[in-house]
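J.: Structure file query.csv, CSV, C-alpha atoms and all ligand atoms, is pasted below:
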chain,number,residue,atom,x,y,z
A,1,MET,CA,-26.3,102.6,7.3
A,2,GLY,CA,-23.2,101.6,9.2
A,3,LEU,CA,-22.0,103.2,12.4
A,4,PHE,CA,-19.4,105.4,10.6
A,5,ASP,CA,-22.1,106.7,8.2
A,6,ARG,CA,-24.6,107.4,11.1
A,7,PHE,CA,-21.9,109.3,13.0
A,8,ARG,CA,-20.9,111.1,9.8
A,9,LYS,CA,-24.5,112.3,9.3
A,10,GLY,CA,-25.1,113.1,12.9
A,11,LEU,CA,-21.8,115.0,13.2
A,12,GLU,CA,-22.4,117.1,10.1
A,13,LYS,CA,-22.4,120.4,11.9
A,14,SER,CA,-19.3,119.7,14.0
A,15,ARG,CA,-17.5,118.3,10.9
A,16,SER,CA,-18.1,121.4,8.8
A,17,ASN,CA,-17.2,123.7,11.7
A,18,ILE,CA,-13.7,122.2,11.7
A,19,TRP,CA,-13.1,121.5,8.1
A,20,GLY,CA,-14.9,124.6,6.8
A,21,ARG,CA,-12.2,126.6,8.4
A,22,LEU,CA,-9.4,124.5,7.1
A,23,GLY,CA,-10.8,123.8,3.6
A,24,GLY,CA,-8.4,126.3,1.9
A,25,TRP,CA,-5.4,124.5,3.3
A,26,LEU,CA,-6.6,121.1,2.2
A,27,GLN,CA,-6.8,122.4,-1.4
A,28,GLY,CA,-3.3,123.9,-1.2
A,29,ASN,CA,0.0,122.2,-1.4
A,30,ARG,CA,1.9,123.3,1.8
A,31,ILE,CA,1.7,122.8,5.5
A,32,ASP,CA,3.3,125.6,7.7
A,33,ALA,CA,3.0,127.2,11.1
A,34,GLN,CA,0.0,129.2,10.0
A,35,PHE,CA,-1.9,126.0,9.2
A,36,TYR,CA,-1.4,124.8,12.8
A,37,ASP,CA,-2.6,128.1,14.2
A,38,ASP,CA,-5.7,127.7,12.0
A,39,MET,CA,-6.2,124.1,13.2
A,40,GLU,CA,-6.0,125.3,16.8
A,41,GLU,CA,-8.7,127.9,16.1
A,42,ALA,CA,-10.9,125.4,14.3
A,43,LEU,CA,-10.7,122.9,17.2
A,44,LEU,CA,-11.3,125.6,19.8
A,45,ALA,CA,-14.4,126.7,17.9
A,46,SER,CA,-15.7,123.2,18.0
A,47,ASP,CA,-15.4,123.3,21.8
A,48,VAL,CA,-12.5,120.8,22.1
A,49,GLY,CA,-11.1,123.0,24.9
A,50,PHE,CA,-7.7,124.5,25.3
A,51,ASP,CA,-5.6,121.7,26.8
A,52,THR,CA,-6.9,119.0,24.4
A,53,THR,CA,-6.6,121.3,21.4
A,54,ILE,CA,-2.9,121.9,22.2
A,55,TRP,CA,-2.4,118.2,22.7
A,56,LEU,CA,-4.1,117.2,19.4
A,57,VAL,CA,-2.3,119.8,17.3
A,58,ASP,CA,1.0,118.7,18.9
A,59,GLN,CA,0.2,115.1,18.0
A,60,VAL,CA,-0.6,115.9,14.4
A,61,ARG,CA,2.5,118.1,14.0
A,62,ARG,CA,4.8,115.4,15.4
A,63,GLN,CA,3.3,112.7,13.2
A,64,GLN,CA,3.5,115.0,10.1
A,65,GLN,CA,7.1,115.7,10.7
A,66,LYS,CA,8.0,112.1,11.6
A,67,GLU,CA,6.4,110.8,8.4
A,68,ARG,CA,7.7,113.8,6.4
A,69,ILE,CA,4.2,114.5,5.1
A,70,SER,CA,3.9,117.5,2.8
A,71,ASP,CA,0.5,116.9,1.3
A,72,PRO,CA,-2.2,118.7,3.3
A,73,LYS,CA,-4.8,116.2,2.1
A,74,GLU,CA,-3.3,113.7,4.5
A,75,LEU,CA,-4.0,116.0,7.5
A,76,PRO,CA,-7.6,114.9,8.2
A,77,SER,CA,-6.5,111.3,8.7
A,78,LEU,CA,-3.6,112.5,11.0
A,79,LEU,CA,-6.1,114.4,13.1
A,80,ALA,CA,-8.5,111.4,13.1
A,81,ASN,CA,-5.7,109.2,14.5
A,82,ALA,CA,-4.9,111.8,17.2
A,83,MET,CA,-8.5,112.0,18.2
A,84,THR,CA,-8.9,108.3,18.3
A,85,LYS,CA,-5.9,108.1,20.6
A,86,ALA,CA,-7.4,110.8,22.9
A,87,LEU,CA,-10.8,109.0,23.0
A,88,SER,CA,-9.4,105.5,23.4
A,89,GLY,CA,-8.1,105.3,26.9
A,90,VAL,CA,-11.5,104.4,28.4
A,91,ASP,CA,-13.7,101.3,28.4
A,92,SER,CA,-17.1,102.1,26.8
A,93,GLN,CA,-18.7,98.7,27.7
A,94,MET,CA,-21.8,98.8,29.9
A,95,GLN,CA,-21.6,96.8,33.1
A,96,PHE,CA,-24.2,94.2,33.9
A,97,ALA,CA,-25.0,92.3,37.1
A,98,ALA,CA,-23.6,88.8,37.0
A,99,GLU,CA,-27.0,87.5,38.2
A,100,GLY,CA,-30.4,89.1,38.6
A,101,PRO,CA,-31.5,92.5,37.3
A,102,THR,CA,-29.0,95.2,36.4
A,103,LEU,CA,-29.8,98.7,37.7
A,104,VAL,CA,-28.8,101.8,35.7
A,105,LEU,CA,-29.1,105.1,37.4
A,106,VAL,CA,-29.5,108.0,35.0
A,107,VAL,CA,-28.5,111.5,36.2
A,108,GLY,CA,-28.2,114.9,34.7
A,109,VAL,CA,-29.8,118.4,34.9
A,110,ASN,CA,-33.2,119.2,33.3
A,111,GLY,CA,-33.3,119.7,29.6
A,112,VAL,CA,-30.2,117.8,28.6
A,113,GLY,CA,-32.2,114.9,27.1
A,114,LYS,CA,-32.3,112.6,30.1
A,115,THR,CA,-35.9,111.2,29.6
A,116,THR,CA,-35.3,110.8,25.8
A,117,SER,CA,-32.1,109.0,26.5
A,118,ILE,CA,-33.7,106.6,29.0
A,119,ALA,CA,-36.4,105.8,26.4
A,120,LYS,CA,-33.7,105.2,23.8
A,121,LEU,CA,-31.7,102.9,26.1
A,122,ALA,CA,-34.9,101.0,26.9
A,123,HIS,CA,-35.7,100.6,23.2
A,124,HIS,CA,-32.1,99.5,22.5
A,125,TYR,CA,-32.2,96.8,25.2
A,126,LYS,CA,-35.7,95.7,24.5
A,127,SER,CA,-34.8,95.3,20.8
A,128,ALA,CA,-31.8,93.1,22.0
A,129,GLY,CA,-34.3,90.8,23.8
A,130,LYS,CA,-34.0,92.1,27.3
A,131,LYS,CA,-36.9,92.8,29.7
A,132,VAL,CA,-36.7,96.4,30.7
A,133,ILE,CA,-38.4,98.3,33.5
A,134,LEU,CA,-38.3,102.1,33.9
A,135,ALA,CA,-38.4,103.8,37.3
A,136,ALA,CA,-39.8,107.3,37.5
A,137,GLY,CA,-37.3,108.6,40.1
A,138,ASP,CA,-37.7,112.3,39.2
A,139,THR,CA,-40.6,112.7,41.6
A,140,PHE,CA,-40.0,116.4,41.9
A,141,ARG,CA,-41.8,117.2,38.6
A,142,ALA,CA,-45.2,115.7,37.8
A,143,ALA,CA,-44.3,116.4,34.1
A,144,ALA,CA,-41.2,114.2,34.4
A,145,ILE,CA,-43.3,111.3,35.5
A,146,GLU,CA,-45.9,111.8,32.8
A,147,GLN,CA,-43.2,112.1,30.1
A,148,LEU,CA,-41.6,108.9,31.2
A,149,MET,CA,-45.0,107.1,31.2
A,150,GLU,CA,-45.5,108.3,27.6
A,151,TRP,CA,-42.1,107.0,26.5
A,152,GLY,CA,-42.7,103.8,28.3
A,153,ALA,CA,-45.9,103.3,26.4
A,154,ARG,CA,-44.3,104.2,23.1
A,155,VAL,CA,-41.3,101.9,23.6
A,156,GLY,CA,-43.5,99.1,25.1
A,157,VAL,CA,-41.9,98.8,28.6
A,158,ASP,CA,-43.4,99.0,32.1
A,159,VAL,CA,-42.9,102.2,34.1
A,160,VAL,CA,-42.8,102.0,37.9
A,161,ARG,CA,-43.9,105.3,39.5
A,162,GLN,CA,-45.4,106.9,42.6
A,163,SER,CA,-47.2,110.2,43.0
A,164,PRO,CA,-45.3,113.5,42.5
A,165,GLY,CA,-43.4,114.5,45.6
A,166,SER,CA,-42.9,111.0,46.9
A,167,ASP,CA,-39.5,109.7,47.9
A,168,PRO,CA,-37.3,108.7,44.9
A,169,ALA,CA,-35.7,105.9,47.0
A,170,ALA,CA,-39.2,104.4,47.5
A,171,VAL,CA,-39.7,104.4,43.7
A,172,VAL,CA,-36.4,102.6,43.2
A,173,PHE,CA,-37.4,100.1,45.9
A,174,ASP,CA,-40.7,99.4,44.1
A,175,ALA,CA,-38.9,99.1,40.7
A,176,ILE,CA,-36.4,96.5,42.1
A,177,ALA,CA,-39.3,94.5,43.6
A,178,ALA,CA,-41.2,94.6,40.3
A,179,ALA,CA,-38.1,93.6,38.4
A,180,LYS,CA,-37.5,90.6,40.6
A,181,ALA,CA,-41.2,89.6,40.5
A,182,ARG,CA,-41.5,90.0,36.7
A,183,GLY,CA,-38.1,88.5,35.9
A,184,ALA,CA,-36.8,91.8,34.3
A,185,ASP,CA,-33.2,92.1,33.2
A,186,LEU,CA,-32.7,95.8,33.4
A,187,ILE,CA,-34.1,98.7,35.5
A,188,ILE,CA,-33.4,102.1,34.1
A,189,CYS,CA,-34.0,104.7,36.8
A,190,ASP,CA,-34.6,108.4,36.2
A,191,THR,CA,-33.5,110.9,38.9
A,192,ALA,CA,-34.4,114.5,39.7
A,193,GLY,CA,-32.8,117.0,37.3
A,194,ARG,CA,-32.8,120.0,39.5
A,195,LEU,CA,-29.6,119.1,41.1
A,196,HIS,CA,-27.0,121.7,40.4
A,197,ASN,CA,-24.5,121.4,43.3
A,198,LYS,CA,-22.6,118.7,45.1
A,199,ALA,CA,-24.5,119.0,48.4
A,200,ASN,CA,-27.9,118.7,46.7
A,201,LEU,CA,-26.8,115.9,44.5
A,202,MET,CA,-25.4,113.9,47.4
A,203,ALA,CA,-28.4,114.5,49.6
A,204,GLU,CA,-30.9,113.4,46.9
A,205,LEU,CA,-29.0,110.4,45.6
A,206,SER,CA,-27.4,108.9,48.7
A,207,LYS,CA,-30.7,107.4,49.8
A,208,VAL,CA,-31.4,106.0,46.3
A,209,TYR,CA,-27.9,104.5,46.4
A,210,LYS,CA,-28.4,102.9,49.8
A,211,VAL,CA,-31.8,101.4,48.9
A,212,ALA,CA,-30.4,100.1,45.5
A,213,ALA,CA,-27.4,98.5,47.1
A,214,ARG,CA,-29.4,96.9,49.9
A,215,GLU,CA,-32.0,95.4,47.6
A,216,LEU,CA,-29.7,94.4,44.7
A,217,PRO,CA,-26.1,93.4,45.3
A,218,GLY,CA,-23.7,95.6,43.4
A,219,ALA,CA,-26.3,98.2,42.4
A,220,PRO,CA,-26.3,100.7,40.9
A,221,HIS,CA,-24.3,98.8,38.2
A,222,GLU,CA,-24.0,101.9,36.1
A,223,VAL,CA,-24.4,105.6,36.8
A,224,LEU,CA,-24.9,107.3,33.5
A,225,LEU,CA,-24.6,111.1,33.3
A,226,VAL,CA,-26.5,112.7,30.5
A,227,LEU,CA,-24.8,115.8,29.0
A,228,ASP,CA,-26.1,118.1,26.2
A,229,ALA,CA,-23.4,118.6,23.6
A,230,VAL,CA,-25.1,121.9,22.5
A,231,THR,CA,-23.9,123.4,25.8
A,232,GLY,CA,-20.3,122.9,24.8
A,233,GLN,CA,-17.8,123.7,27.6
A,234,ASN,CA,-20.7,123.9,30.1
A,235,ALA,CA,-21.1,120.2,29.7
A,236,VAL,CA,-17.6,119.7,30.9
A,237,SER,CA,-18.3,121.8,34.0
A,238,GLN,CA,-21.5,119.8,34.7
A,239,ALA,CA,-19.4,116.5,34.4
A,240,GLN,CA,-17.0,117.9,37.0
A,241,VAL,CA,-19.7,118.7,39.5
A,242,PHE,CA,-21.5,115.3,39.1
A,243,ARG,CA,-18.2,113.4,39.2
A,244,GLU,CA,-17.4,114.9,42.6
A,245,ALA,CA,-20.8,113.9,44.0
A,246,VAL,CA,-21.5,110.5,42.5
A,247,SER,CA,-19.4,107.8,40.9
A,248,VAL,CA,-20.3,108.4,37.3
A,249,SER,CA,-19.5,105.3,35.3
A,250,GLY,CA,-20.3,106.7,31.9
A,251,ILE,CA,-21.7,109.5,29.8
A,252,VAL,CA,-24.6,109.8,27.4
A,253,LEU,CA,-23.7,112.8,25.2
A,254,THR,CA,-26.9,114.0,23.5
A,255,LYS,CA,-27.9,116.3,20.7
A,256,LEU,CA,-24.6,115.9,18.7
A,257,ASP,CA,-26.8,116.2,15.6
A,258,GLY,CA,-27.9,119.7,16.6
A,259,THR,CA,-24.5,121.3,17.3
A,260,ALA,CA,-21.2,122.3,15.9
A,261,LYS,CA,-19.7,121.8,19.3
A,262,GLY,CA,-19.3,118.1,19.1
A,263,GLY,CA,-15.6,118.5,19.9
A,264,VAL,CA,-16.6,118.7,23.5
A,265,ILE,CA,-16.5,114.9,23.7
A,266,LEU,CA,-12.7,115.1,23.6
A,267,PRO,CA,-12.0,117.0,26.8
A,268,ILE,CA,-14.7,115.0,28.6
A,269,VAL,CA,-13.0,111.7,27.8
A,270,ARG,CA,-9.3,112.8,27.8
A,271,GLU,CA,-9.3,115.3,30.7
A,272,LEU,CA,-12.0,114.0,33.0
A,273,GLU,CA,-11.4,110.4,32.1
A,274,ILE,CA,-15.1,109.5,32.1
A,275,PRO,CA,-16.0,107.1,29.3
A,276,VAL,CA,-18.6,108.3,26.8
A,277,LYS,CA,-20.7,105.1,26.4
A,278,TRP,CA,-23.6,106.4,24.2
A,279,VAL,CA,-24.2,109.3,21.9
A,280,GLY,CA,-27.5,110.9,21.0
A,281,LEU,CA,-27.9,111.8,17.3
A,282,GLY,CA,-31.6,112.7,17.1
A,283,GLU,CA,-35.0,112.9,18.8
A,284,GLN,CA,-36.3,109.4,17.8
A,285,MET,CA,-36.0,106.3,20.0
A,286,ASN,CA,-33.4,104.7,17.6
A,287,ASP,CA,-31.2,107.8,17.5
A,288,LEU,CA,-28.8,106.5,20.1
A,289,GLU,CA,-25.5,104.9,19.2
A,290,VAL,CA,-22.9,103.0,21.2
A,291,PHE,CA,-19.9,105.2,21.3
A,292,ASP,CA,-16.9,104.0,19.2
A,293,ALA,CA,-13.7,106.1,19.3
A,294,LYS,CA,-12.4,105.3,15.9
A,295,ASP,CA,-15.7,105.6,14.0
A,296,PHE,CA,-16.4,108.8,15.8
A,297,ALA,CA,-13.0,110.3,15.0
A,298,ASP,CA,-13.0,109.1,11.4
A,299,ALA,CA,-16.5,110.5,10.9
A,300,ILE,CA,-15.7,114.0,12.3
A,301,CYS,CA,-12.5,114.2,10.2
A,302,SER,CA,-13.9,112.8,7.0
A,303,SER,CA,-14.2,115.0,3.9
B,1,LIG,P1,-34.8,116.1,30.1
B,1,LIG,O1,-35.4,117.3,30.7
B,1,LIG,O2,-33.3,116.0,30.4
B,1,LIG,O3,-35.5,114.8,30.5
B,1,LIG,O4,-34.8,116.3,28.5
B,1,LIG,P2,-35.8,115.6,27.5
B,1,LIG,O5,-35.5,114.1,27.3
B,1,LIG,O6,-37.2,116.0,27.7
B,1,LIG,O7,-35.2,116.3,26.1
B,1,LIG,C1,-35.2,117.7,26.0
B,1,LIG,C2,-35.3,118.0,24.4
B,1,LIG,O8,-34.1,117.6,23.8
B,1,LIG,C3,-36.5,117.3,23.8
B,1,LIG,O9,-37.0,118.2,22.8
B,1,LIG,C4,-35.8,116.1,23.0
B,1,LIG,O10,-36.5,115.7,21.9
B,1,LIG,C5,-34.4,116.7,22.7
B,1,LIG,N1,-33.4,115.7,22.5
B,1,LIG,C6,-33.0,114.8,23.4
B,1,LIG,N2,-32.0,114.1,22.9
B,1,LIG,C7,-31.7,114.6,21.6
B,1,LIG,C8,-30.7,114.3,20.6
B,1,LIG,O11,-29.9,113.4,20.7
B,1,LIG,N3,-30.8,115.1,19.5
B,1,LIG,C9,-31.7,116.1,19.3
B,1,LIG,N4,-31.7,116.8,18.2
B,1,LIG,N5,-32.6,116.4,20.3
B,1,LIG,C10,-32.6,115.6,21.4
Show me the file's structure as structure tokens.
Ligand code: GDP
T.:
Amino acid sequence: MGLFDRFRKGLEKSRSNIWGRLGGWLQGNRIDAQFYDDMEEALLASDVGFDTTIWLVDQVRRQQQKERISDPKELPSLLANAMTKALSGVDSQMQFAAEGPTLVLVVGVNGVGKTTSIAKLAHHYKSAGKKVILAAGDTFRAAAIEQLMEWGARVGVDVVRQSPGSDPAAVVFDAIAAAKARGADLIICDTAGRLHNKANLMAELSKVYKVAARELPGAPHEVLLVLDAVTGQNAVSQAQVFREAVSVSGIVLTKLDGTAKGGVILPIVRELEIPVKWVGLGEQMNDLEVFDAKDFADAICSS
């Protein structure tokens, strides 16, 4: 199955949320002001958010008028083009260290799918031939360490950990030392998920940052924020809080398969200007896809 088809399958709920509302129009033979009102409503219902909805509808209307399009069947591809434009401005490439191990810090609140995403990333890079080490940096919860250990065993990668309650910066220190000793290419580091405000976040992560940068030049090379698409606009608020506290370099948007609110990806990229680098489309370790704006937009707008 190609990327478009995997997106199409994973985005089924979001897709039918938008086009289920507009189906009547697509079978008709006219496009008028009411159609655009309905399109606005459909996009808002898919959690595209107010500003981006207005922007998208305006783009579609202009294009339709410019090209003198009167057949409603052409509207999905106009919307797909507008969405691609909204999602394209950012670079989705992962950054790697020029030399030595790359350190990826993974942040996000509990329950969003952080541990699963770490496992999926480990599986992705291991399958690509890289040596991966996981760092159990959420020392606040014993269960988080255990869960990461389980995933490590399932994926077949080492997990560096300490006992619950220990200093996350010390775990990162150990993981970097292990990576250097074992010739690992990639360290993926979990962090505590109980961080809800800027002060907490900064207090907890600043030491991790300091140790990472001291032990590994340029680290962290990526700070990935995991957001749960099911929470819709709440994911946008979380991104705002995290962005103020840490330099988020990319987003992993999870659970797109389980929600009709997949439109939330648009305001995240267009308004917050943080690239979505990965999307989660299921609970298994291979249910993670590299984000691609055009395939994503075409899939959510396909009939
Ligand atoms: P954490 O607390 O952020 O580490 O969250 P977990 O990784 O434990 O995930 C919480 C729940 O979300 C688990 O039941 C996962 O299986 C589920 N989950 C994570 N990612 C996805 C996804 O992309 N799709 C679906 N459907 N479920 C997911």
J.: Show me which residues line ligand LIG 1 (chain B), defined as having an atom within 9 Å of a ligand atom where all atoms listed in the file count, and present them as a PyMOL selection string.
T.: chain A and resi 10+107-119+144+147-148+190+193+226-229+253-259+279-284+287-288
J.: Could you state the separation of atom CA of A:Ala153 and atom CA of A:Lys210 in Å, given to one decimal place?
T.: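 Computing it gives 29.2 Å between the two atoms.
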J.: Could you list, as a count of residues only, every residue within 12 Å of A:Ile300, counting all atoms listed in the file and ignoring same-chain residues fewer than 4 positions away?
T.: 38
J.: Need to verify the contact set: A:Pro220, 9 Å, all atoms listed in the file, exclusion of same-chain residues closer than 5 positions in sequence. Can you return it as a list in words?
T.: Thr102, Leu103, Val104, Leu105, Tyr209, Ala212 and Ala213 of chain A
J.: Quick one: pull the distance between atom CA of A:Glu273 and atom CA of A:Phe50, Å, one decimal.
T.: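 Atom-to-atom, atom CA of A:Glu273 and atom CA of A:Phe50 are spaced 16.1 Å apart.
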J.: I want to know what sits within 10 Å of stretch 167-170 of chain A, based on all atoms listed in the file, with residues of the same chain fewer than 4 positions away left out; could you give that as JSON, numbers by chain?
T.: {"A": [135, 136, 137, 138, 139, 140, 161, 162, 163, 174, 175, 176, 189, 190, 191, 192, 204, 205, 206, 207, 208, 209, 210, 211, 212]}
J.: Dump C-alpha atoms for the selected residues as a CSV table (one decimal), in the coordinates of the input?
T.:
chain,number,residue,atom,x,y,z
A,135,ALA,CA,-38.4,103.8,37.3
A,136,ALA,CA,-39.8,107.3,37.5
A,137,GLY,CA,-37.3,108.6,40.1
A,138,ASP,CA,-37.7,112.3,39.2
A,139,THR,CA,-40.6,112.7,41.6
A,140,PHE,CA,-40.0,116.4,41.9
A,161,ARG,CA,-43.9,105.3,39.5
A,162,GLN,CA,-45.4,106.9,42.6
A,163,SER,CA,-47.2,110.2,43.0
A,174,ASP,CA,-40.7,99.4,44.1
A,175,ALA,CA,-38.9,99.1,40.7
A,176,ILE,CA,-36.4,96.5,42.1
A,189,CYS,CA,-34.0,104.7,36.8
A,190,ASP,CA,-34.6,108.4,36.2
A,191,THR,CA,-33.5,110.9,38.9
A,192,ALA,CA,-34.4,114.5,39.7
A,204,GLU,CA,-30.9,113.4,46.9
A,205,LEU,CA,-29.0,110.4,45.6
A,206,SER,CA,-27.4,108.9,48.7
A,207,LYS,CA,-30.7,107.4,49.8
A,208,VAL,CA,-31.4,106.0,46.3
A,209,TYR,CA,-27.9,104.5,46.4
A,210,LYS,CA,-28.4,102.9,49.8
A,211,VAL,CA,-31.8,101.4,48.9
A,212,ALA,CA,-30.4,100.1,45.5
J.: Check the smallest atom-to-atom distance from each of A:Phe35, A:Phe173, A:Trp151, A:Trp278 to A:Leu224 using all atoms listed in the file, then report the winner.
T.: A:Trp278
